[in-house]
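Colleague: target_38.pdb is reproduced below (PDB, C-alpha atoms and all ligand atoms).
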```pdb
ATOM      1  CA  MET A   1      77.210  98.959 106.769
ATOM      2  CA  LYS A   2      77.823  96.986 109.914
ATOM      3  CA  SER A   3      77.668  93.262 109.352
ATOM      4  CA  LYS A   4      76.823  90.888 112.135
ATOM      5  CA  PRO A   5      79.652  89.416 114.206
ATOM      6  CA  LEU A   6      81.057  86.122 113.005
ATOM      7  CA  THR A   7      81.138  84.668 116.483
ATOM      8  CA  ARG A   8      78.670  81.875 117.009
ATOM      9  CA  PRO A   9      76.985  82.002 120.416
ATOM     10  CA  ALA A  10      76.459  78.242 120.628
ATOM     11  CA  ASP A  11      80.160  77.338 120.526
ATOM     12  CA  GLN A  12      80.638  74.530 123.036
ATOM     13  CA  LEU A  13      84.352  74.936 123.576
ATOM     14  CA  ALA A  14      85.497  77.079 126.535
ATOM     15  CA  VAL A  15      88.016  79.371 124.912
ATOM     16  CA  ALA A  16      89.518  82.509 126.411
ATOM     17  CA  TYR A  17      90.784  85.294 124.187
ATOM     18  CA  ARG A  18      93.367  87.913 125.073
ATOM     19  CA  ASP A  19      95.501  90.523 123.364
ATOM     20  CA  GLU A  20      98.200  90.629 126.027
ATOM     21  CA  ILE A  21     101.052  88.362 125.047
ATOM     22  CA  THR A  22     104.469  87.502 126.421
ATOM     23  CA  MET A  23     107.201  85.285 125.029
ATOM     24  CA  ASP A  24     105.878  82.567 127.364
ATOM     25  CA  ASP A  25     103.188  82.214 124.708
ATOM     26  CA  TRP A  26     105.733  81.493 122.007
ATOM     27  CA  PRO A  27     105.925  77.677 122.423
ATOM     28  CA  GLY A  28     102.139  77.452 122.140
ATOM     29  CA  VAL A  29     101.985  79.856 119.217
ATOM     30  CA  ARG A  30     104.813  77.965 117.493
ATOM     31  CA  THR A  31     102.974  74.675 117.956
ATOM     32  CA  VAL A  32      99.860  76.134 116.376
ATOM     33  CA  ALA A  33     101.835  77.544 113.437
ATOM     34  CA  GLU A  34     103.746  74.295 112.920
ATOM     35  CA  GLU A  35     100.786  71.972 113.325
ATOM     36  CA  THR A  36      98.752  73.728 110.635
ATOM     37  CA  GLY A  37     101.279  72.222 108.238
ATOM     38  CA  VAL A  38     101.064  75.124 105.806
ATOM     39  CA  PHE A  39     103.887  77.377 106.984
ATOM     40  CA  THR A  40     107.575  77.028 106.190
ATOM     41  CA  GLU A  41     110.204  77.064 108.924
ATOM     42  CA  ARG A  42     111.072  80.626 107.927
ATOM     43  CA  GLU A  43     107.433  81.677 108.177
ATOM     44  CA  VAL A  44     107.187  80.205 111.674
ATOM     45  CA  GLU A  45     110.316  82.147 112.597
ATOM     46  CA  ILE A  46     108.677  85.321 111.253
ATOM     47  CA  VAL A  47     105.786  84.765 113.686
ATOM     48  CA  ARG A  48     108.335  84.754 116.510
ATOM     49  CA  GLU A  49     109.873  87.970 115.187
ATOM     50  CA  LEU A  50     106.417  89.566 115.043
ATOM     51  CA  MET A  51     105.793  88.551 118.667
ATOM     52  CA  VAL A  52     109.100  90.023 119.800
ATOM     53  CA  ASP A  53     108.388  93.259 117.968
ATOM     54  CA  THR A  54     104.852  93.408 119.382
ATOM     55  CA  ILE A  55     106.114  92.937 122.937
ATOM     56  CA  GLU A  56     109.035  95.315 122.626
ATOM     57  CA  ARG A  57     107.101  98.089 120.886
ATOM     58  CA  PRO A  58     103.584  97.928 122.313
ATOM     59  CA  THR A  59     101.952 100.784 120.419
ATOM     60  CA  TRP A  60      98.907 100.562 118.228
ATOM     61  CA  ASN A  61     101.102 101.669 115.304
ATOM     62  CA  ASN A  62     102.720  98.311 115.575
ATOM     63  CA  TYR A  63     101.481  94.720 115.368
ATOM     64  CA  ARG A  64      98.890  93.411 117.738
ATOM     65  CA  PHE A  65      98.268  89.786 118.603
ATOM     66  CA  TRP A  66      95.253  87.986 119.926
ATOM     67  CA  VAL A  67      95.565  84.467 121.230
ATOM     68  CA  ALA A  68      92.819  81.948 121.842
ATOM     69  CA  GLN A  69      93.415  79.645 124.768
ATOM     70  CA  ALA A  70      91.467  76.474 125.569
ATOM     71  CA  ASP A  71      92.350  75.539 129.124
ATOM     72  CA  ARG A  72      96.143  76.009 129.097
ATOM     73  CA  VAL A  73      96.611  75.249 125.444
ATOM     74  CA  ILE A  74      97.003  77.961 122.844
ATOM     75  CA  ALA A  75      94.482  77.010 120.199
ATOM     76  CA  GLY A  76      94.971  79.849 117.752
ATOM     77  CA  PHE A  77      96.256  83.343 117.182
ATOM     78  CA  THR A  78      96.047  86.291 114.877
ATOM     79  CA  CYS A  79      98.314  89.246 114.271
ATOM     80  CA  VAL A  80      97.046  92.526 112.845
ATOM     81  CA  SER A  81      98.837  95.719 111.888
ATOM     82  CA  PRO A  82      98.027  99.087 110.381
ATOM     83  CA  ILE A  83      99.191  99.459 106.803
ATOM     84  CA  HIS A  84     101.711 102.199 107.325
ATOM     85  CA  THR A  85     101.427 105.302 105.164
ATOM     86  CA  THR A  86      97.651 104.838 104.985
ATOM     87  CA  PRO A  87      95.278 106.673 107.338
ATOM     88  CA  ASP A  88      92.807 103.869 107.980
ATOM     89  CA  ARG A  89      93.831 100.627 106.274
ATOM     90  CA  TYR A  90      94.790  97.568 108.306
ATOM     91  CA  GLU A  91      96.005  94.106 107.533
ATOM     92  CA  ILE A  92      95.696  90.683 109.082
ATOM     93  CA  TYR A  93      99.293  89.524 109.070
ATOM     94  CA  TRP A  94      98.691  86.083 110.359
ATOM     95  CA  ILE A  95      95.900  83.846 111.479
ATOM     96  CA  ALA A  96      96.121  80.207 112.436
ATOM     97  CA  VAL A  97      94.194  77.715 114.505
ATOM     98  CA  HIS A  98      95.531  74.371 115.682
ATOM     99  CA  PRO A  99      93.937  71.600 113.565
ATOM    100  CA  GLU A 100      92.492  69.975 116.699
ATOM    101  CA  PHE A 101      90.445  73.126 117.206
ATOM    102  CA  HIS A 102      89.302  73.765 113.655
ATOM    103  CA  GLY A 103      85.624  74.340 113.056
ATOM    104  CA  HIS A 104      84.816  75.777 116.480
ATOM    105  CA  GLY A 105      84.619  79.363 115.319
ATOM    106  CA  ILE A 106      87.954  80.300 116.886
ATOM    107  CA  ALA A 107      89.311  82.083 113.808
ATOM    108  CA  SER A 108      85.976  83.870 113.448
ATOM    109  CA  ARG A 109      86.182  85.109 117.010
ATOM    110  CA  LEU A 110      89.797  86.222 116.552
ATOM    111  CA  VAL A 111      88.799  88.220 113.478
ATOM    112  CA  ASP A 112      85.833  89.718 115.325
ATOM    113  CA  LEU A 113      88.125  90.865 118.128
ATOM    114  CA  ALA A 114      90.632  92.323 115.707
ATOM    115  CA  ILE A 115      87.899  94.096 113.757
ATOM    116  CA  ALA A 116      86.411  95.594 116.909
ATOM    117  CA  ARG A 117      89.791  97.048 117.826
ATOM    118  CA  VAL A 118      90.582  98.228 114.319
ATOM    119  CA  ARG A 119      87.200  99.975 114.128
ATOM    120  CA  LYS A 120      87.891 101.643 117.447
ATOM    121  CA  GLN A 121      91.150 102.929 116.002
ATOM    122  CA  GLY A 122      89.259 104.385 113.037
ATOM    123  CA  GLY A 123      90.105 101.604 110.599
ATOM    124  CA  ARG A 124      87.905 101.574 107.500
ATOM    125  CA  LYS A 125      89.218  98.639 105.535
ATOM    126  CA  LEU A 126      90.920  95.406 106.535
ATOM    127  CA  TYR A 127      93.068  93.420 104.124
ATOM    128  CA  VAL A 128      94.411  89.916 104.187
ATOM    129  CA  GLU A 129      96.579  88.170 101.640
ATOM    130  CA  THR A 130      97.171  84.523 101.070
ATOM    131  CA  SER A 131      98.508  82.106  98.546
ATOM    132  CA  THR A 132      96.443  80.689  95.694
ATOM    133  CA  ARG A 133      97.884  77.220  96.387
ATOM    134  CA  SER A 134      95.419  74.483  97.246
ATOM    135  CA  ILE A 135      96.690  74.067 100.832
ATOM    136  CA  TYR A 136      95.361  77.555 101.482
ATOM    137  CA  GLU A 137      91.881  76.786 100.203
ATOM    138  CA  PRO A 138      90.476  76.496 103.762
ATOM    139  CA  ALA A 139      91.923  79.925 104.506
ATOM    140  CA  ARG A 140      90.402  81.442 101.359
ATOM    141  CA  LYS A 141      87.028  79.891 102.209
ATOM    142  CA  PHE A 142      87.339  81.191 105.739
ATOM    143  CA  TYR A 143      88.005  84.746 104.528
ATOM    144  CA  LEU A 144      84.971  84.658 102.251
ATOM    145  CA  ALA A 145      82.863  83.276 105.119
ATOM    146  CA  ALA A 146      84.212  86.079 107.300
ATOM    147  CA  GLY A 147      82.882  88.731 104.945
ATOM    148  CA  PHE A 148      86.034  89.439 102.974
ATOM    149  CA  VAL A 149      85.858  89.902  99.223
ATOM    150  CA  LEU A 150      88.512  88.668  96.814
ATOM    151  CA  GLU A 151      89.706  91.965  95.337
ATOM    152  CA  GLY A 152      92.560  90.702  93.246
ATOM    153  CA  THR A 153      94.951  87.942  92.403
ATOM    154  CA  LEU A 154      98.573  88.310  91.393
ATOM    155  CA  PRO A 155      99.600  85.229  89.447
ATOM    156  CA  ASP A 156     103.023  83.731  90.198
ATOM    157  CA  TYR A 157     103.598  86.330  92.938
ATOM    158  CA  TYR A 158     105.281  84.055  95.503
ATOM    159  CA  ALA A 159     106.655  81.622  92.934
ATOM    160  CA  ASP A 160     105.620  80.083  89.636
ATOM    161  CA  ASP A 161     102.136  78.614  90.117
ATOM    162  CA  ASP A 162     101.898  80.269  93.534
ATOM    163  CA  GLY A 163      99.911  83.467  93.259
ATOM    164  CA  LYS A 164      98.806  86.003  95.821
ATOM    165  CA  ALA A 165      95.082  86.346  96.565
ATOM    166  CA  ILE A 166      94.156  89.692  98.115
ATOM    167  CA  PHE A 167      91.000  89.849 100.197
ATOM    168  CA  ALA A 168      89.490  92.924 101.811
ATOM    169  CA  ARG A 169      86.609  93.764 104.058
ATOM    170  CA  ARG A 170      85.062  97.195 104.583
ATOM    171  CA  LEU A 171      84.545  97.911 108.255
TER     172      LEU A 171
HETATM  173  C1  LIG B 201      91.745  79.171 108.088
HETATM  174  C2  LIG B 201      91.653  78.788 109.580
HETATM  175  C3  LIG B 201      92.362  79.887 110.389
HETATM  176  C4  LIG B 201      90.188  78.702 109.996
HETATM  177  O1  LIG B 201      90.128  78.455 111.411
HETATM  178  P1  LIG B 201      88.809  77.888 112.154
HETATM  179  O2  LIG B 201      88.869  78.321 113.579
HETATM  180  O3  LIG B 201      88.679  76.443 111.891
HETATM  181  O4  LIG B 201      87.644  78.678 111.388
HETATM  182  P2  LIG B 201      86.128  78.900 111.897
HETATM  183  O5  LIG B 201      85.718  77.725 112.706
HETATM  184  O6  LIG B 201      86.036  80.248 112.539
HETATM  185  O7  LIG B 201      85.358  78.894 110.489
HETATM  186  C5  LIG B 201      84.422  79.888 110.129
HETATM  187  C6  LIG B 201      83.886  79.592 108.753
HETATM  188  O8  LIG B 201      84.950  79.617 107.783
HETATM  189  C7  LIG B 201      84.708  78.610 106.774
HETATM  190  N1  LIG B 201      85.772  77.606 106.866
HETATM  191  C8  LIG B 201      86.689  77.437 107.840
HETATM  192  N2  LIG B 201      87.485  76.382 107.574
HETATM  193  C9  LIG B 201      87.029  75.847 106.407
HETATM  194  C10 LIG B 201      87.434  74.735 105.625
HETATM  195  N3  LIG B 201      88.456  73.941 105.981
HETATM  196  N4  LIG B 201      86.748  74.472 104.481
HETATM  197  C11 LIG B 201      85.726  75.256 104.103
HETATM  198  N5  LIG B 201      85.284  76.327 104.812
HETATM  199  C12 LIG B 201      85.937  76.615 105.957
HETATM  200  C13 LIG B 201      83.363  77.984 107.105
HETATM  201  O9  LIG B 201      82.377  78.742 106.417
HETATM  202  C14 LIG B 201      83.268  78.216 108.599
HETATM  203  O10 LIG B 201      81.939  78.266 109.073
HETATM  204  P3  LIG B 201      81.173  76.887 109.451
HETATM  205  O11 LIG B 201      82.072  76.140 110.388
HETATM  206  O12 LIG B 201      79.924  77.372 110.082
HETATM  207  O13 LIG B 201      80.994  76.172 108.161
HETATM  208  C15 LIG B 201      92.321  77.396 109.836
HETATM  209  O14 LIG B 201      91.819  76.472 108.882
HETATM  210  C16 LIG B 201      93.827  77.397 109.765
HETATM  211  O15 LIG B 201      94.516  77.646 110.758
HETATM  212  N6  LIG B 201      94.380  77.080 108.566
HETATM  213  C17 LIG B 201      95.837  76.972 108.435
HETATM  214  C18 LIG B 201      96.535  78.308 108.588
HETATM  215  C19 LIG B 201      96.194  79.251 107.458
HETATM  216  O16 LIG B 201      96.042  78.861 106.303
HETATM  217  N7  LIG B 201      96.110  80.543 107.817
HETATM  218  C20 LIG B 201      95.907  81.576 106.857
HETATM  219  C21 LIG B 201      97.220  81.922 106.266
HETATM  220  S1  LIG B 201      97.093  83.299 105.218
END
```
Produce structure tokens that represent the structure in this file.
Modeller:
Amino acid sequence: MKSKPLTRPADQLAVAYRDEITMDDWPGVRTVAEETGVFTEREVEIVRELMVDTIERPTWNNYRFWVAQADRVIAGFTCVSPIHTTPDRYEIYWIAVHPEFHGHGIASRLVDLAIARVRKQGGRKLYVETSTRSIYEPARKFYLAAGFVLEGTLPDYYADDDGKAIFARRL
């Protein structure tokens, strides 16, 4: 079943999307990650490591980034990867939109772009995991709105009272 794209045609904001990145994008990506206020310093550093790996090993077997840019400002990004050892399962590693740009459909568009590429690569199922903590409630609501289904929860996975919520979407 092919569901309709999440992207809303009436979005007012002029945003450009691209999947070519360089480390010149890092300051903008870092600002987005930091300004969301939900990621630890170590998590922000992991985003940088993912970017380096993406740039240095640009194969589809590796990570792939999309960035959303409003004028010269990076407004959001996502990072997707195949789940290695599976033939057709993929995972959204990261998705974040700068708070000033929330609610404009940017994350939806990023997911649409990632899904289009994953489908082209033969992907059949896309996963995303997040924390059960309340600061991630917007993210969980976003995933449900984006057609993902909550397939499981692992209590206390990240820490006591910080479980892992696993969402998936058939493509
Ligand atoms: C989750 C996040 C990426 C959503 O980005 P966004 O660009 O604002 O999302 P969109 O505008 O595409 O939202 C699409 C739909 O998702 C749902 N949604 C998004 N944010 C929501 C919120 N704060 N509360 C409730 N529903 C929300 C809505 O249904 C929305 O549709 P609507 O605007 O027509 O109501 C953004 O809130 C974010 O960066 N959060 C912090 C980082 C994070 O938690 N990332 C995930 C880590 S696993």
Colleague: Where does chain A meet ligand LIG 201 (chain B) within 8 Å, residue by residue, with the nearest atom pair and distance in Å to one decimal for each, counting all atoms listed in the file, listed by chain and rising number, as a Markdown table?
Modeller:
```
| residue | atom | partner | partner_atom | distance |
| --- | --- | --- | --- | --- |
| A:Leu6 | CA | B:LIG201 | C5 | 7.6 |
| A:Thr7 | CA | B:LIG201 | O6 | 7.7 |
| A:Val32 | CA | B:LIG201 | O15 | 7.9 |
| A:Ala33 | CA | B:LIG201 | C18 | 7.2 |
| A:Thr36 | CA | B:LIG201 | C17 | 4.9 |
| A:Gly37 | CA | B:LIG201 | C17 | 7.2 |
| A:Val38 | CA | B:LIG201 | C17 | 6.1 |
| A:Phe39 | CA | B:LIG201 | C18 | 7.6 |
| A:Gly76 | CA | B:LIG201 | O15 | 7.3 |
| A:Tyr93 | CA | B:LIG201 | S1 | 7.6 |
| A:Trp94 | CA | B:LIG201 | C21 | 6.0 |
| A:Ile95 | CA | B:LIG201 | N7 | 4.9 |
| A:Ala96 | CA | B:LIG201 | O15 | 3.5 |
| A:Val97 | CA | B:LIG201 | O15 | 3.8 |
| A:His98 | CA | B:LIG201 | O15 | 6.0 |
| A:Pro99 | CA | B:LIG201 | O15 | 6.7 |
| A:Phe101 | CA | B:LIG201 | O3 | 6.5 |
| A:His102 | CA | B:LIG201 | O3 | 3.3 |
| A:Gly103 | CA | B:LIG201 | O5 | 3.4 |
| A:His104 | CA | B:LIG201 | O5 | 4.3 |
| A:Gly105 | CA | B:LIG201 | O6 | 3.2 |
| A:Ile106 | CA | B:LIG201 | O2 | 4.0 |
| A:Ala107 | CA | B:LIG201 | O2 | 3.8 |
| A:Ser108 | CA | B:LIG201 | O6 | 3.7 |
| A:Arg109 | CA | B:LIG201 | O6 | 6.6 |
| A:Val128 | CA | B:LIG201 | S1 | 7.2 |
| A:Glu129 | CA | B:LIG201 | S1 | 6.1 |
| A:Thr130 | CA | B:LIG201 | S1 | 4.3 |
| A:Ser131 | CA | B:LIG201 | S1 | 6.9 |
| A:Ile135 | CA | B:LIG201 | O16 | 7.3 |
| A:Tyr136 | CA | B:LIG201 | O16 | 5.0 |
| A:Glu137 | CA | B:LIG201 | N4 | 7.1 |
| A:Pro138 | CA | B:LIG201 | N3 | 3.9 |
| A:Ala139 | CA | B:LIG201 | C1 | 3.7 |
| A:Arg140 | CA | B:LIG201 | C1 | 7.2 |
| A:Lys141 | CA | B:LIG201 | N5 | 4.7 |
| A:Phe142 | CA | B:LIG201 | O8 | 3.5 |
| A:Tyr143 | CA | B:LIG201 | O8 | 6.8 |
| A:Leu144 | CA | B:LIG201 | O8 | 7.5 |
| A:Ala145 | CA | B:LIG201 | O9 | 4.7 |
| A:Ala146 | CA | B:LIG201 | O8 | 6.5 |
```
Colleague: Create the file for the chosen residues now, containing C-alpha atoms and written as a CSV table (one decimal), in the frame of the given file.
Modeller:
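Printed below is again38.csv as written:
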```csv
chain,number,residue,atom,x,y,z
A,6,LEU,CA,81.1,86.1,113.0
A,7,THR,CA,81.1,84.7,116.5
A,32,VAL,CA,99.9,76.1,116.4
A,33,ALA,CA,101.8,77.5,113.4
A,36,THR,CA,98.8,73.7,110.6
A,37,GLY,CA,101.3,72.2,108.2
A,38,VAL,CA,101.1,75.1,105.8
A,39,PHE,CA,103.9,77.4,107.0
A,76,GLY,CA,95.0,79.8,117.8
A,93,TYR,CA,99.3,89.5,109.1
A,94,TRP,CA,98.7,86.1,110.4
A,95,ILE,CA,95.9,83.8,111.5
A,96,ALA,CA,96.1,80.2,112.4
A,97,VAL,CA,94.2,77.7,114.5
A,98,HIS,CA,95.5,74.4,115.7
A,99,PRO,CA,93.9,71.6,113.6
A,101,PHE,CA,90.4,73.1,117.2
A,102,HIS,CA,89.3,73.8,113.7
A,103,GLY,CA,85.6,74.3,113.1
A,104,HIS,CA,84.8,75.8,116.5
A,105,GLY,CA,84.6,79.4,115.3
A,106,ILE,CA,88.0,80.3,116.9
A,107,ALA,CA,89.3,82.1,113.8
A,108,SER,CA,86.0,83.9,113.4
A,109,ARG,CA,86.2,85.1,117.0
A,128,VAL,CA,94.4,89.9,104.2
A,129,GLU,CA,96.6,88.2,101.6
A,130,THR,CA,97.2,84.5,101.1
A,131,SER,CA,98.5,82.1,98.5
A,135,ILE,CA,96.7,74.1,100.8
A,136,TYR,CA,95.4,77.6,101.5
A,137,GLU,CA,91.9,76.8,100.2
A,138,PRO,CA,90.5,76.5,103.8
A,139,ALA,CA,91.9,79.9,104.5
A,140,ARG,CA,90.4,81.4,101.4
A,141,LYS,CA,87.0,79.9,102.2
A,142,PHE,CA,87.3,81.2,105.7
A,143,TYR,CA,88.0,84.7,104.5
A,144,LEU,CA,85.0,84.7,102.3
A,145,ALA,CA,82.9,83.3,105.1
A,146,ALA,CA,84.2,86.1,107.3
```
Colleague: Go ahead and compute the interatomic distance for CA of Glu91 (chain A) and CA of Val118 (chain A), in Å to one decimal.
Modeller: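 Straight-line distance from CA of Glu91 (chain A) to CA of Val118 (chain A) works out to 9.6 Å.
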Colleague: Could you pull the residues within 7 Å of Ala70 (chain A), counting all atoms listed in the file, minus those fewer than 4 positions along the same chain, as JSON, numbers by chain?
Modeller: {"A": [14, 15, 16, 74, 75]}
Colleague: Work out how far CA of Gly122 (chain A) is from CA of Arg89 (chain A), in Å to one decimal.
Modeller: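 Between these atoms lies a distance of 9.0 Å.
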Colleague: Counting all atoms listed in the file, which residue out of A:Pro87, A:Gly123, A:Gly147, A:Pro58 sits closest to Phe167 (chain A)?
Modeller: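 Checking each candidate against Phe167 (chain A), we get A:Gly147 as the closest.
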Colleague: One number please: CA of Thr85 (chain A) to CA of Glu45 (chain A), in Å, one decimal.
Modeller: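 Going from CA of Thr85 (chain A) over to CA of Glu45 (chain A), I get 25.9 Å.
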Colleague: Determine the nearest neighbour of Asp88 (chain A) from the options A:Leu126, A:Val67, A:Trp26, A:Arg72, counting all atoms listed in the file.
Modeller: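 Closest to Asp88 (chain A) of all the choices is A:Leu126.
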Colleague: Counting only C-alpha atoms, what is within 7 Å of region 150-152 of chain A, bar same-chain residues fewer than 2 positions away, as a list in words?
Modeller: Phe148, Leu154, Ala165, Ile166, Phe167 and Ala168 of chain A
Colleague: Nearest to Pro82 (chain A): which of A:Leu110, A:Trp66, A:Arg48, A:Arg124 is it, counting all atoms listed in the file?
Modeller: A:Arg124
Colleague: For Asp19 (chain A), find every residue with an atom within 10 Å (counting only C-alpha atoms), except residues of its own chain fewer than 3 positions away, and show them as a list of chain:residue names.
Modeller: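 So the residues in contact are A:Thr22, A:Arg64, A:Phe65, A:Trp66, A:Val67, A:Ala68, A:Phe77, A:Thr78, A:Cys79, A:Leu110, A:Leu113, A:Ala114.
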Colleague: Can you write out the residues you just picked, keeping C-alpha atoms, as an mmCIF file, in the frame of the given file?
Modeller:
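Output file selection34.cif is given in full below:
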```cif
data_model
loop_
_atom_site.group_PDB
_atom_site.id
_atom_site.type_symbol
_atom_site.label_atom_id
_atom_site.label_comp_id
_atom_site.auth_asym_id
_atom_site.auth_seq_id
_atom_site.Cartn_x
_atom_site.Cartn_y
_atom_site.Cartn_z
ATOM 1 C CA THR A 22 104.469 87.502 126.421
ATOM 2 C CA ARG A 64 98.890 93.411 117.738
ATOM 3 C CA PHE A 65 98.268 89.786 118.603
ATOM 4 C CA TRP A 66 95.253 87.986 119.926
ATOM 5 C CA VAL A 67 95.565 84.467 121.230
ATOM 6 C CA ALA A 68 92.819 81.948 121.842
ATOM 7 C CA PHE A 77 96.256 83.343 117.182
ATOM 8 C CA THR A 78 96.047 86.291 114.877
ATOM 9 C CA CYS A 79 98.314 89.246 114.271
ATOM 10 C CA LEU A 110 89.797 86.222 116.552
ATOM 11 C CA LEU A 113 88.125 90.865 118.128
ATOM 12 C CA ALA A 114 90.632 92.323 115.707
#
```
Colleague: For region 40-59 of chain A, what centre and edge lengths in Å (one decimal) does the axis-aligned box get once 8 Å is added on each side of all its listed atoms, as JSON?
Modeller:
```
{"center_x": 106.5, "center_y": 88.9, "center_z": 114.6, "size_x": 25.1, "size_y": 39.8, "size_z": 32.7}
```
